[in-house]
Amino acid sequence: MTEAILVVESNEYERKFFHNTLAIHGFTAEIVPSVSDAVEQLKIKPFDLVIISHFVENISLSDSILSVRKVCDSSYVPIMLITDSDSDHNGFDHNYITDVDDYLPRPFSVKMFIARIRAMFRIAHLEKSLSYCHLTVEEKSKNGEKKITKTRSQVKQMLVINKILNIIAADINIDVLFGALAREIRKLIAFDAISIILKNSYQDVQRLVLIDPEDNSRVITKNIYLLASKGPGRVFLTRQIMLVGNVRKDMDSQIEYEQVLSTQVKSVVIFPLISKGKLIGILNVGSNKPKSYRKGDIRLVKKVLSPIASSIENASLYSEVKALTEQLQQTVNERNKEIENKYYQLSLLNKVGNAMQGMHELDRLLHLILTCVTAGGAIGFNRAMLLLVNHEKGIVKGMMGVGPATAEEAGRIWDKLSKENWRLDDFLAHIDEYPSQKSAVDEITRSIRLSLDNESDFVIRSIMEKKTFLINDALYEKRVHPIIKEKLHTNEFVIVPLLARDKVLGVIIADKLFSGKSIDKDSIQLLTMFANQAGLAIERADAYEKLTVKIEELKEAYEELKDTQNKLVRSERLATIGKMAAHVAHEIRNPLTTIGGFAHAMMKFSHDMEKVKRNSKIIYEEVYRLERILQNVLDFTKPGSPVFELGCINEVIDEIINFLQDDFENCNITLRKELHLDIPRILFDAQQIRQAFINLIKNSIYSISEAIKCGNGSSGNHLIELSTTTENEYLKIKILDTGVGMTPTVIENLFNPFFTTKPGGSGLGLAVTHKIIEEHGGFIDVISKVGSGSEFIIYLPLRTDLSGTP
Amino acid sequence: MNERILLIEDDVNQQILYEQELVQEKYQVVLASSAQEALDYLKKQTFDLIILDICMPGKDGIEALSEIMELNNKIPVIINTAYGTYKENFLTWSAEAYVVKSSDLTELKTTIRNVIDRNKAGVD
Ligand SMILES: Nc1ncnc2c1ncn2[C@@H]1O[C@H](COP(=O)(O)OP(=O)(O)OP(=O)(O)O)[C@@H](O)[C@H]1O
Ligand SMILES: [Mg+2]
């Protein structure tokens, strides 16, 4: 026996596929392109299965299924629906599950397709053989009619249970599920209205799920209140099936019945739905005719109550879980928002903290702190006052106040803020542009003085106990300072101690007078956190200020030290002079010995003219030497500073050359002059500079004379070079000689007073030169090599303005 | 026989003065302008007395004294200097006498005589 299959498929290629596949597997197949063709075919011959695949028609799928059903109404033909792969997502109506016998989503394998067809045929075959059995039994025993009916209804029940179990397997929501269940229940019992009422485990309302009696495809869900004493509500207590023959007779409960089914119902059966021993709800079935239900109908339904109950429980659990999930998600979202908000506030606090750390001026810092307390967005108080403790005086003193004094002023500020949409970030960015304005609140705050002895006052308590206080009824509170009450008119405010480690620096008082909001826990907590940061910052700024004072003190000490040092230098000068006195004594004694000696000799004996001449020449020389020593000593010890006048160095040098002409000639020294004509006129003391250069040039002449004495090059080979140039900020004067040169030791001691290598030398020449050049703000460079000569380079600043002289 | 005196003095005018005065006292005077020059003389010749100046360019009198002692510690040395300050500790320099320079050469002359005589007596 081959089964006949009718396939509706609009696509030509698909039709060929179905044709071949079904033929190969031994089925007789008729493939038609449209539903109307299928209806025609069904009228002509019987089919064992209708497969609705792809079709393009103006009618909806459900209508097509319906029209197919109508044709084969006399004999039940199963329908298999082949759905497109994406139909599940694109609004595939779960209602079809109950209208069709099976459905197969694309894509599918041929193997699966055939297996599904075979399974369907097996079920159909079973059904058929069962009904065939009934027929035989019916024929065989005329008296066994009851039994047959019973068996038949048992089969029916089995099929319905099977369906219900199938439905349970699908995780659909309760509305869809109940629609499907109702269709199955209708196969067991006739009704005009059907509904279920589900017990709600959390609330005392119950949920009613009702198939719209007017439109069976519509499911109505609503919350109702059921009295346990009336109508259907009673079943919740009795857990027994309740049969009501005529609703109108149960006057008290009529409304209840109508509410759960329809206004038309006359007779009603109510079944308890018990799953795993627990009552989950009730099933209500109603007929518009009175007394339409008999015990037999009830018994039939009773069989399927358990699977119905468990399927409903599944579904309601499912929707409950879904609802819970949604609720959870919502809570999570709300929490997230809350956390985000907190995070924003904390990050602001952090920013403020950073800003505070960088601020060392106490006044600006205090202003920043109060602005942050009152600026919108972050901590959100209206006004803030800062009071600091002065332990020495035993008082708490108002330092600064920020915020509007009146509601009008508050309105103005808010207007501005909301227009500019400023938040704390912006305040931080513009804090410098917002100078602390003299406000009424500030003035009032500054007038606050509290004695630390006033132990009952809340401000003092906050300081003593390091505790935050929220004052609710300030205006009637004796322990609040009158200025706060009377001048600020604030009835609710918070006092937060400013802590720096374990020390209390003061308090912040803040209110929300103008926004009219009460001060909540959150803002107090934020303010406390903020106050801790602010306390540390204030302490730091305070320490900084103290440090500044220390630095100032150190500066003073330094100045003093410098003064003493100067005094010391002066006394060192004196010591030098003392040392010098010893030297001078020595220096003077030598020539005096000679002078006195010769004079003595001349006195004692009569000499020839020659001898007298020689002796008196020596005396003259030695006196000259004494004068020179005296001059040098005077030069060196002369306290006077140079008298500056604009002049040309070249002129001074020319003058010196003139003055020393004889000395050059005596030693046969060539003089090379390289004086730049365009060197600027500078400020100097001509007298002193002249002395300085003479000392240098005389040393050079002496050095050359020494070189000649040692036979180092014949006379005439030696030269002294004098040159002037400018270099950077200086006038540069070079004095070069080809004399004996100097050893490093000599160069090192060159400028020390009394350092000399010459017999009869005072060692003061270069000491004097050095002193003069230094007093002109210049310096001296020395280059020398033993045997080849020396070079002294003098730098004098190009100064033409007296204000810069030392 | 005239006693030989080595005069170590850098100041030329003083050399002239001392030479003139000492020759008058019948001494034979040899002049040295520096410590080095004096040491050179001492290696070749012998003297009855050395007059030593302290403040000299190059090797000063104090340095010179120790070298002189190394070379010949038999010759007495009179320190003659313009510095009065060294007088107290001159003994440590193993000189016979310390005479501060003065235009009046009487003290120097007396000291020379005494030192030479004392030395001669000691040697004999
Ligand atoms: N151009 C030079 N060449 C070689 N040596 C020099 C030269 N200028 C100075 N000296 C050395 O520096 C020493 C100190 O010179 P300074 O002019 O201060 O004193 P002095 O020349 O010795 O004595 P005074 O200047 O009182 O006669 C000199 O004794 C000499 O040794
Ligand atoms: Mg000089």
# chains A, B, ... in the order shown; residues from 1 in each chain; ligands from 1
$ closest_atom_pairs --of "chain A" --to "chain B" --cutoff "8 Å" --atoms "only C-alpha atoms" --output "CSV"
residue,atom,partner,partner_atom,distance
A:Ala585,CA,B:Tyr83,CA,7.9
A:His586,CA,B:Ala82,CA,5.1
A:Glu587,CA,B:Ala82,CA,7.6
A:Arg589,CA,B:Ala82,CA,5.7
A:Asn590,CA,B:Ala82,CA,6.0
A:Leu592,CA,B:Ser103,CA,6.5
A:Thr593,CA,B:Ser103,CA,4.0
A:Thr594,CA,B:Gln14,CA,5.7
A:Ile595,CA,B:Ser103,CA,7.0
A:Gly596,CA,B:Ser103,CA,4.3
A:Gly597,CA,B:Ser103,CA,4.3
A:Phe598,CA,B:Leu17,CA,6.6
A:His600,CA,B:Asp104,CA,7.5
A:Ala601,CA,B:Glu21,CA,7.9
A:Ile618,CA,B:Asn13,CA,6.6
A:Thr756,CA,B:Pro57,CA,7.6
A:Thr757,CA,B:Pro57,CA,5.0
A:Lys758,CA,B:Pro57,CA,5.9
A:Pro759,CA,B:Pro57,CA,5.9
A:Gly760,CA,B:Asp11,CA,6.8
$ residues_near_ligand --ligand "ligand 1" --cutoff "8 Å" --atoms "only C-alpha atoms and all ligand atoms" --output "ChimeraX atom specification"
/A:629,632,695-704,736-737,739-742,746-747,749-768,784,789-792
$ write_last_selection --atoms "C-alpha atoms" --output "PDB file, in the first residue's frame"
ATOM      1  CA  ILE A 629     106.810 101.931  49.108  1.00  0.00           C
ATOM      2  CA  ASN A 632     102.081 101.561  47.083  1.00  0.00           C
ATOM      3  CA  ASN A 695     102.438  98.765  37.476  1.00  0.00           C
ATOM      4  CA  LEU A 696     101.907  96.232  34.702  1.00  0.00           C
ATOM      5  CA  ILE A 697     104.151  97.857  32.136  1.00  0.00           C
ATOM      6  CA  LYS A 698     106.925  98.418  34.689  1.00  0.00           C
ATOM      7  CA  ASN A 699     106.839  94.699  35.509  1.00  0.00           C
ATOM      8  CA  SER A 700     107.180  93.942  31.802  1.00  0.00           C
ATOM      9  CA  ILE A 701     110.142  96.290  31.426  1.00  0.00           C
ATOM     10  CA  TYR A 702     111.793  94.738  34.475  1.00  0.00           C
ATOM     11  CA  SER A 703     111.144  91.246  33.152  1.00  0.00           C
ATOM     12  CA  ILE A 704     112.792  92.126  29.816  1.00  0.00           C
ATOM     13  CA  LEU A 736     102.535  91.553  26.182  1.00  0.00           C
ATOM     14  CA  ASP A 737     106.248  91.269  26.871  1.00  0.00           C
ATOM     15  CA  GLY A 739     110.600  88.884  29.186  1.00  0.00           C
ATOM     16  CA  VAL A 740     111.559  85.954  31.420  1.00  0.00           C
ATOM     17  CA  GLY A 741     108.024  84.706  31.902  1.00  0.00           C
ATOM     18  CA  MET A 742     106.647  83.111  35.041  1.00  0.00           C
ATOM     19  CA  VAL A 746     104.483  82.726  40.513  1.00  0.00           C
ATOM     20  CA  ILE A 747     101.310  83.044  38.403  1.00  0.00           C
ATOM     21  CA  ASN A 749     100.632  84.183  43.787  1.00  0.00           C
ATOM     22  CA  LEU A 750     100.948  87.075  41.371  1.00  0.00           C
ATOM     23  CA  PHE A 751      98.215  89.219  42.836  1.00  0.00           C
ATOM     24  CA  ASN A 752      98.830  88.459  46.504  1.00  0.00           C
ATOM     25  CA  PRO A 753     100.045  91.499  48.369  1.00  0.00           C
ATOM     26  CA  PHE A 754     103.802  91.327  49.234  1.00  0.00           C
ATOM     27  CA  PHE A 755     104.434  88.529  46.798  1.00  0.00           C
ATOM     28  CA  THR A 756     107.586  89.389  44.939  1.00  0.00           C
ATOM     29  CA  THR A 757     110.570  87.696  43.355  1.00  0.00           C
ATOM     30  CA  LYS A 758     112.526  90.939  43.022  1.00  0.00           C
ATOM     31  CA  PRO A 759     115.228  92.235  45.314  1.00  0.00           C
ATOM     32  CA  GLY A 760     113.772  95.403  46.737  1.00  0.00           C
ATOM     33  CA  GLY A 761     110.344  94.614  45.302  1.00  0.00           C
ATOM     34  CA  SER A 762     107.349  95.392  47.464  1.00  0.00           C
ATOM     35  CA  GLY A 763     105.033  92.797  45.904  1.00  0.00           C
ATOM     36  CA  LEU A 764     102.257  95.325  46.009  1.00  0.00           C
ATOM     37  CA  GLY A 765     102.256  96.430  42.353  1.00  0.00           C
ATOM     38  CA  LEU A 766      99.921  93.802  40.977  1.00  0.00           C
ATOM     39  CA  ALA A 767      97.893  93.663  44.177  1.00  0.00           C
ATOM     40  CA  VAL A 768      97.082  97.303  43.596  1.00  0.00           C
ATOM     41  CA  SER A 784     102.861  83.224  30.551  1.00  0.00           C
ATOM     42  CA  GLY A 789     107.338  86.124  28.047  1.00  0.00           C
ATOM     43  CA  SER A 790     104.043  87.091  29.611  1.00  0.00           C
ATOM     44  CA  GLU A 791     100.713  88.426  28.518  1.00  0.00           C
ATOM     45  CA  PHE A 792      98.351  90.342  30.802  1.00  0.00           C
TER      46      PHE A 792
END
$ select_by_dssp --residues "region 25-78 of chain B" --states "strand (DSSP E or B)" --output "tab-separated table (two decimals) with N, CA and C atoms, in the first residue's frame"
chain	number	residue	atom	x	y	z
B	28	GLN	N	138.25	90.97	55.53
B	28	GLN	CA	138.23	90.69	54.10
B	28	GLN	C	136.80	90.28	53.77
B	29	VAL	N	136.14	91.02	52.87
B	29	VAL	CA	134.70	90.76	52.63
B	29	VAL	C	134.46	90.15	51.25
B	30	VAL	N	133.75	89.03	51.25
B	30	VAL	CA	133.33	88.41	49.97
B	30	VAL	C	131.81	88.57	49.87
B	31	LEU	N	131.35	89.09	48.73
B	31	LEU	CA	129.91	89.38	48.57
B	31	LEU	C	129.18	88.27	47.81
B	32	ALA	N	128.03	87.88	48.34
B	32	ALA	CA	127.16	86.92	47.61
B	32	ALA	C	125.75	87.52	47.55
B	49	LEU	N	133.56	83.83	59.11
B	49	LEU	CA	132.22	84.23	59.55
B	49	LEU	C	131.30	84.40	58.33
B	50	ILE	N	130.03	84.14	58.58
B	50	ILE	CA	129.04	84.38	57.53
B	50	ILE	C	127.99	85.34	58.06
B	51	ILE	N	127.70	86.41	57.28
B	51	ILE	CA	126.59	87.30	57.63
B	51	ILE	C	125.46	87.00	56.62
B	52	LEU	N	124.32	86.66	57.20
B	52	LEU	CA	123.22	86.15	56.34
B	52	LEU	C	121.96	87.02	56.44
B	77	VAL	N	127.63	81.78	62.00
B	77	VAL	CA	126.73	82.56	61.15
B	77	VAL	C	126.05	83.64	61.98
B	78	ILE	N	126.06	84.88	61.49
B	78	ILE	CA	125.28	85.94	62.12
B	78	ILE	C	124.10	86.25	61.19
$ closest_residue --among "B:Leu42, B:Asp48, B:Thr106, B:Gln36" --to "Glu63 (chain B)" --atoms "only C-alpha atoms"
B:Gln36
$ atom_distance --atom1 "CA of Gln525 (chain A)" --atom2 "CA of Ile495 (chain A)"
11.7 Å
$ atom_distance --atom1 "CA of Ile79 (chain A)" --atom2 "CA of Ile52 (chain A)"
7.3 Å
$ residues_around --residues "Gln45 (chain B)" --least-positions-apart "3" --cutoff "12 Å" --atoms "only C-alpha atoms" --output "list in words"
Arg4, Ile5, Leu6, Val30, Ala38, Leu39, Asp40, Tyr41, Leu42, Asp48, Leu49, Leu71, Asn72 and Ile75 of chain B
$ residues_around --residues "Arg446 (chain A)" --least-positions-apart "6" --cutoff "12 Å" --atoms "only C-alpha atoms" --output "ChimeraX atom specification"
/A:385-388,396-402,438-440,483-484
$ write_last_selection --atoms "all heavy atoms" --output "JSON list (two decimals), in the first residue's frame"
[["chain", "number", "residue", "atom", "x", "y", "z"],
["A", 385, "MET", "N", 29.37, 77.83, 54.65],
["A", 385, "MET", "CA", 30.19, 78.72, 55.45],
["A", 385, "MET", "C", 31.34, 77.93, 56.04],
["A", 385, "MET", "O", 31.18, 76.76, 56.36],
["A", 385, "MET", "CB", 29.36, 79.28, 56.61],
["A", 385, "MET", "CG", 28.40, 80.34, 56.19],
["A", 385, "MET", "SD", 27.15, 80.51, 57.43],
["A", 385, "MET", "CE", 26.05, 79.24, 56.97],
["A", 386, "LEU", "N", 32.45, 78.60, 56.13],
["A", 386, "LEU", "CA", 33.61, 77.91, 56.68],
["A", 386, "LEU", "C", 34.06, 78.60, 57.95],
["A", 386, "LEU", "O", 34.27, 79.82, 57.97],
["A", 386, "LEU", "CB", 34.72, 77.94, 55.64],
["A", 386, "LEU", "CG", 35.77, 76.87, 55.85],
["A", 386, "LEU", "CD1", 36.12, 76.25, 54.53],
["A", 386, "LEU", "CD2", 37.00, 77.42, 56.50],
["A", 387, "LEU", "N", 34.14, 77.82, 59.03],
["A", 387, "LEU", "CA", 34.59, 78.36, 60.31],
["A", 387, "LEU", "C", 35.85, 77.62, 60.71],
["A", 387, "LEU", "O", 35.92, 76.40, 60.59],
["A", 387, "LEU", "CB", 33.50, 78.14, 61.37],
["A", 387, "LEU", "CG", 32.30, 79.08, 61.39],
["A", 387, "LEU", "CD1", 31.44, 78.93, 60.16],
["A", 387, "LEU", "CD2", 31.47, 78.83, 62.64],
["A", 388, "LEU", "N", 36.85, 78.36, 61.16],
["A", 388, "LEU", "CA", 38.09, 77.71, 61.57],
["A", 388, "LEU", "C", 38.33, 77.91, 63.07],
["A", 388, "LEU", "O", 37.95, 78.93, 63.64],
["A", 388, "LEU", "CB", 39.28, 78.26, 60.79],
["A", 388, "LEU", "CG", 39.32, 77.90, 59.30],
["A", 388, "LEU", "CD1", 40.58, 78.43, 58.66],
["A", 388, "LEU", "CD2", 39.23, 76.39, 59.08],
["A", 396, "VAL", "N", 36.11, 79.84, 67.77],
["A", 396, "VAL", "CA", 35.86, 79.40, 66.39],
["A", 396, "VAL", "C", 35.44, 80.65, 65.65],
["A", 396, "VAL", "O", 34.57, 81.39, 66.10],
["A", 396, "VAL", "CB", 34.74, 78.35, 66.36],
["A", 396, "VAL", "CG1", 34.49, 77.92, 64.93],
["A", 396, "VAL", "CG2", 35.11, 77.17, 67.22],
["A", 397, "LYS", "N", 36.07, 80.87, 64.50],
["A", 397, "LYS", "CA", 35.88, 82.14, 63.82],
["A", 397, "LYS", "C", 35.39, 81.88, 62.40],
["A", 397, "LYS", "O", 35.90, 81.01, 61.71],
["A", 397, "LYS", "CB", 37.25, 82.82, 63.77],
["A", 397, "LYS", "CG", 37.17, 84.29, 63.51],
["A", 397, "LYS", "CD", 38.58, 84.89, 63.59],
["A", 397, "LYS", "CE", 38.64, 86.10, 62.71],
["A", 397, "LYS", "NZ", 39.71, 86.11, 61.77],
["A", 398, "GLY", "N", 34.36, 82.64, 61.98],
["A", 398, "GLY", "CA", 33.88, 82.54, 60.61],
["A", 398, "GLY", "C", 34.91, 83.10, 59.66],
["A", 398, "GLY", "O", 35.41, 84.20, 59.87],
["A", 399, "MET", "N", 35.25, 82.34, 58.65],
["A", 399, "MET", "CA", 36.32, 82.76, 57.74],
["A", 399, "MET", "C", 35.77, 83.24, 56.41],
["A", 399, "MET", "O", 36.24, 84.19, 55.82],
["A", 399, "MET", "CB", 37.28, 81.60, 57.47],
["A", 399, "MET", "CG", 38.01, 81.11, 58.69],
["A", 399, "MET", "SD", 39.06, 82.36, 59.41],
["A", 399, "MET", "CE", 40.36, 82.44, 58.20],
["A", 400, "MET", "N", 34.77, 82.50, 55.91],
["A", 400, "MET", "CA", 34.31, 82.81, 54.57],
["A", 400, "MET", "C", 32.94, 82.19, 54.36],
["A", 400, "MET", "O", 32.66, 81.13, 54.91],
["A", 400, "MET", "CB", 35.30, 82.24, 53.56],
["A", 400, "MET", "CG", 35.15, 82.82, 52.17],
["A", 400, "MET", "SD", 36.35, 82.11, 51.05],
["A", 400, "MET", "CE", 37.76, 83.15, 51.33],
["A", 401, "GLY", "N", 32.10, 82.87, 53.58],
["A", 401, "GLY", "CA", 30.79, 82.32, 53.28],
["A", 401, "GLY", "C", 30.50, 82.50, 51.81],
["A", 401, "GLY", "O", 30.91, 83.49, 51.20],
["A", 402, "VAL", "N", 29.84, 81.52, 51.24],
["A", 402, "VAL", "CA", 29.53, 81.59, 49.81],
["A", 402, "VAL", "C", 28.08, 81.23, 49.62],
["A", 402, "VAL", "O", 27.55, 80.34, 50.29],
["A", 402, "VAL", "CB", 30.45, 80.61, 49.03],
["A", 402, "VAL", "CG1", 29.88, 80.32, 47.66],
["A", 402, "VAL", "CG2", 31.85, 81.19, 48.88],
["A", 438, "LYS", "N", 32.41, 89.90, 47.49],
["A", 438, "LYS", "CA", 31.95, 90.27, 48.82],
["A", 438, "LYS", "C", 30.44, 90.09, 48.84],
["A", 438, "LYS", "O", 29.70, 90.86, 48.23],
["A", 438, "LYS", "CB", 32.31, 91.73, 49.09],
["A", 438, "LYS", "CG", 33.79, 91.90, 49.37],
["A", 438, "LYS", "CD", 34.10, 91.67, 50.84],
["A", 438, "LYS", "CE", 35.57, 91.38, 51.07],
["A", 438, "LYS", "NZ", 35.97, 90.00, 50.76],
["A", 439, "SER", "N", 30.00, 89.02, 49.46],
["A", 439, "SER", "CA", 28.57, 88.79, 49.51],
["A", 439, "SER", "C", 28.08, 88.98, 50.93],
["A", 439, "SER", "O", 28.87, 89.02, 51.87],
["A", 439, "SER", "CB", 28.26, 87.37, 49.05],
["A", 439, "SER", "OG", 28.74, 86.46, 49.98],
["A", 440, "ALA", "N", 26.75, 89.08, 51.03],
["A", 440, "ALA", "CA", 26.16, 89.27, 52.35],
["A", 440, "ALA", "C", 26.48, 88.07, 53.24],
["A", 440, "ALA", "O", 26.82, 88.20, 54.40],
["A", 440, "ALA", "CB", 24.66, 89.46, 52.22],
["A", 483, "ILE", "N", 23.38, 84.13, 65.10],
["A", 483, "ILE", "CA", 23.65, 84.73, 63.78],
["A", 483, "ILE", "C", 23.18, 83.79, 62.68],
["A", 483, "ILE", "O", 22.56, 84.19, 61.69],
["A", 483, "ILE", "CB", 25.15, 85.05, 63.62],
["A", 483, "ILE", "CG1", 25.50, 86.23, 64.52],
["A", 483, "ILE", "CG2", 25.48, 85.37, 62.16],
["A", 483, "ILE", "CD1", 26.94, 86.69, 64.40],
["A", 484, "ILE", "N", 23.45, 82.50, 62.86],
["A", 484, "ILE", "CA", 23.05, 81.52, 61.85],
["A", 484, "ILE", "C", 21.54, 81.50, 61.74],
["A", 484, "ILE", "O", 20.97, 81.46, 60.65],
["A", 484, "ILE", "CB", 23.61, 80.13, 62.22],
["A", 484, "ILE", "CG1", 25.13, 80.17, 62.21],
["A", 484, "ILE", "CG2", 23.10, 79.07, 61.24],
["A", 484, "ILE", "CD1", 25.79, 78.92, 62.73]]
$ residues_around --residues "Gly516 (chain A)" --least-positions-apart "5" --cutoff "12 Å" --atoms "only C-alpha atoms" --output "PyMOL selection string"
chain A and resi 380-382+407+410+490-493+511
$ closest_residue --among "A:Lys230, A:Arg628, A:Arg501, A:Arg690" --to "ligand 2" --atoms "only C-alpha atoms and all ligand atoms"
A:Arg628
$ residues_around --residues "Gly122 (chain B)" --least-positions-apart "5" --cutoff "12 Å" --atoms "only C-alpha atoms" --output "VMD selection string"
chain B and resid 74 to 76 114 to 117
$ atom_distance --atom1 "CA of Leu273 (chain A)" --atom2 "CA of Ala309 (chain A)"
4.9 Å
$ closest_residue --among "B:Leu108, B:Ala95, B:Ala121, B:Glu37" --to "Leu65 (chain B)" --atoms "only C-alpha atoms"
B:Ala95
$ select_by_dssp --residues "region 733-786 of chain A" --states "alpha helix (DSSP H)" --output "PDB file with N, CA and C atoms, in the first residue's frame"
ATOM      1  N   PRO A 744     104.369  78.500  37.137  1.00  0.00           N
ATOM      2  CA  PRO A 744     102.983  78.400  37.621  1.00  0.00           C
ATOM      3  C   PRO A 744     102.841  78.895  39.059  1.00  0.00           C
ATOM      4  N   THR A 745     103.829  78.650  39.894  1.00  0.00           N
ATOM      5  CA  THR A 745     103.751  79.109  41.285  1.00  0.00           C
ATOM      6  C   THR A 745     103.671  80.624  41.345  1.00  0.00           C
ATOM      7  N   VAL A 746     104.491  81.263  40.531  1.00  0.00           N
ATOM      8  CA  VAL A 746     104.483  82.726  40.513  1.00  0.00           C
ATOM      9  C   VAL A 746     103.113  83.221  40.032  1.00  0.00           C
ATOM     10  N   ILE A 747     102.612  82.618  38.936  1.00  0.00           N
ATOM     11  CA  ILE A 747     101.310  83.044  38.403  1.00  0.00           C
ATOM     12  C   ILE A 747     100.231  82.923  39.481  1.00  0.00           C
ATOM     13  N   GLU A 748     100.329  81.843  40.259  1.00  0.00           N
ATOM     14  CA  GLU A 748      99.333  81.595  41.280  1.00  0.00           C
ATOM     15  C   GLU A 748      99.329  82.686  42.352  1.00  0.00           C
ATOM     16  N   ASN A 749     100.526  83.219  42.687  1.00  0.00           N
ATOM     17  CA  ASN A 749     100.632  84.183  43.787  1.00  0.00           C
ATOM     18  C   ASN A 749     100.718  85.640  43.343  1.00  0.00           C
ATOM     19  N   GLY A 765     102.620  95.871  43.681  1.00  0.00           N
ATOM     20  CA  GLY A 765     102.256  96.430  42.353  1.00  0.00           C
ATOM     21  C   GLY A 765     101.010  95.784  41.773  1.00  0.00           C
ATOM     22  N   LEU A 766     101.058  94.473  41.608  1.00  0.00           N
ATOM     23  CA  LEU A 766      99.921  93.802  40.977  1.00  0.00           C
ATOM     24  C   LEU A 766      98.721  93.683  41.925  1.00  0.00           C
ATOM     25  N   ALA A 767      99.000  93.673  43.222  1.00  0.00           N
ATOM     26  CA  ALA A 767      97.893  93.663  44.177  1.00  0.00           C
ATOM     27  C   ALA A 767      97.064  94.924  43.990  1.00  0.00           C
ATOM     28  N   VAL A 768      97.769  96.038  43.818  1.00  0.00           N
ATOM     29  CA  VAL A 768      97.082  97.303  43.596  1.00  0.00           C
ATOM     30  C   VAL A 768      96.325  97.271  42.261  1.00  0.00           C
ATOM     31  N   THR A 769      97.006  96.823  41.198  1.00  0.00           N
ATOM     32  CA  THR A 769      96.378  96.742  39.876  1.00  0.00           C
ATOM     33  C   THR A 769      95.093  95.905  39.942  1.00  0.00           C
ATOM     34  N   HIS A 770      95.232  94.758  40.583  1.00  0.00           N
ATOM     35  CA  HIS A 770      94.093  93.842  40.693  1.00  0.00           C
ATOM     36  C   HIS A 770      92.912  94.503  41.389  1.00  0.00           C
ATOM     37  N   LYS A 771      93.210  95.197  42.464  1.00  0.00           N
ATOM     38  CA  LYS A 771      92.158  95.851  43.234  1.00  0.00           C
ATOM     39  C   LYS A 771      91.463  96.905  42.373  1.00  0.00           C
ATOM     40  N   ILE A 772      92.251  97.678  41.639  1.00  0.00           N
ATOM     41  CA  ILE A 772      91.669  98.751  40.812  1.00  0.00           C
ATOM     42  C   ILE A 772      90.759  98.173  39.728  1.00  0.00           C
ATOM     43  N   ILE A 773      91.248  97.136  39.041  1.00  0.00           N
ATOM     44  CA  ILE A 773      90.445  96.562  37.944  1.00  0.00           C
ATOM     45  C   ILE A 773      89.143  95.964  38.492  1.00  0.00           C
ATOM     46  N   GLU A 774      89.259  95.311  39.627  1.00  0.00           N
ATOM     47  CA  GLU A 774      88.044  94.735  40.236  1.00  0.00           C
ATOM     48  C   GLU A 774      87.039  95.816  40.584  1.00  0.00           C
ATOM     49  N   GLU A 775      87.539  96.903  41.104  1.00  0.00           N
ATOM     50  CA  GLU A 775      86.628  97.982  41.479  1.00  0.00           C
ATOM     51  C   GLU A 775      86.002  98.635  40.255  1.00  0.00           C
TER      52      GLU A 775
END
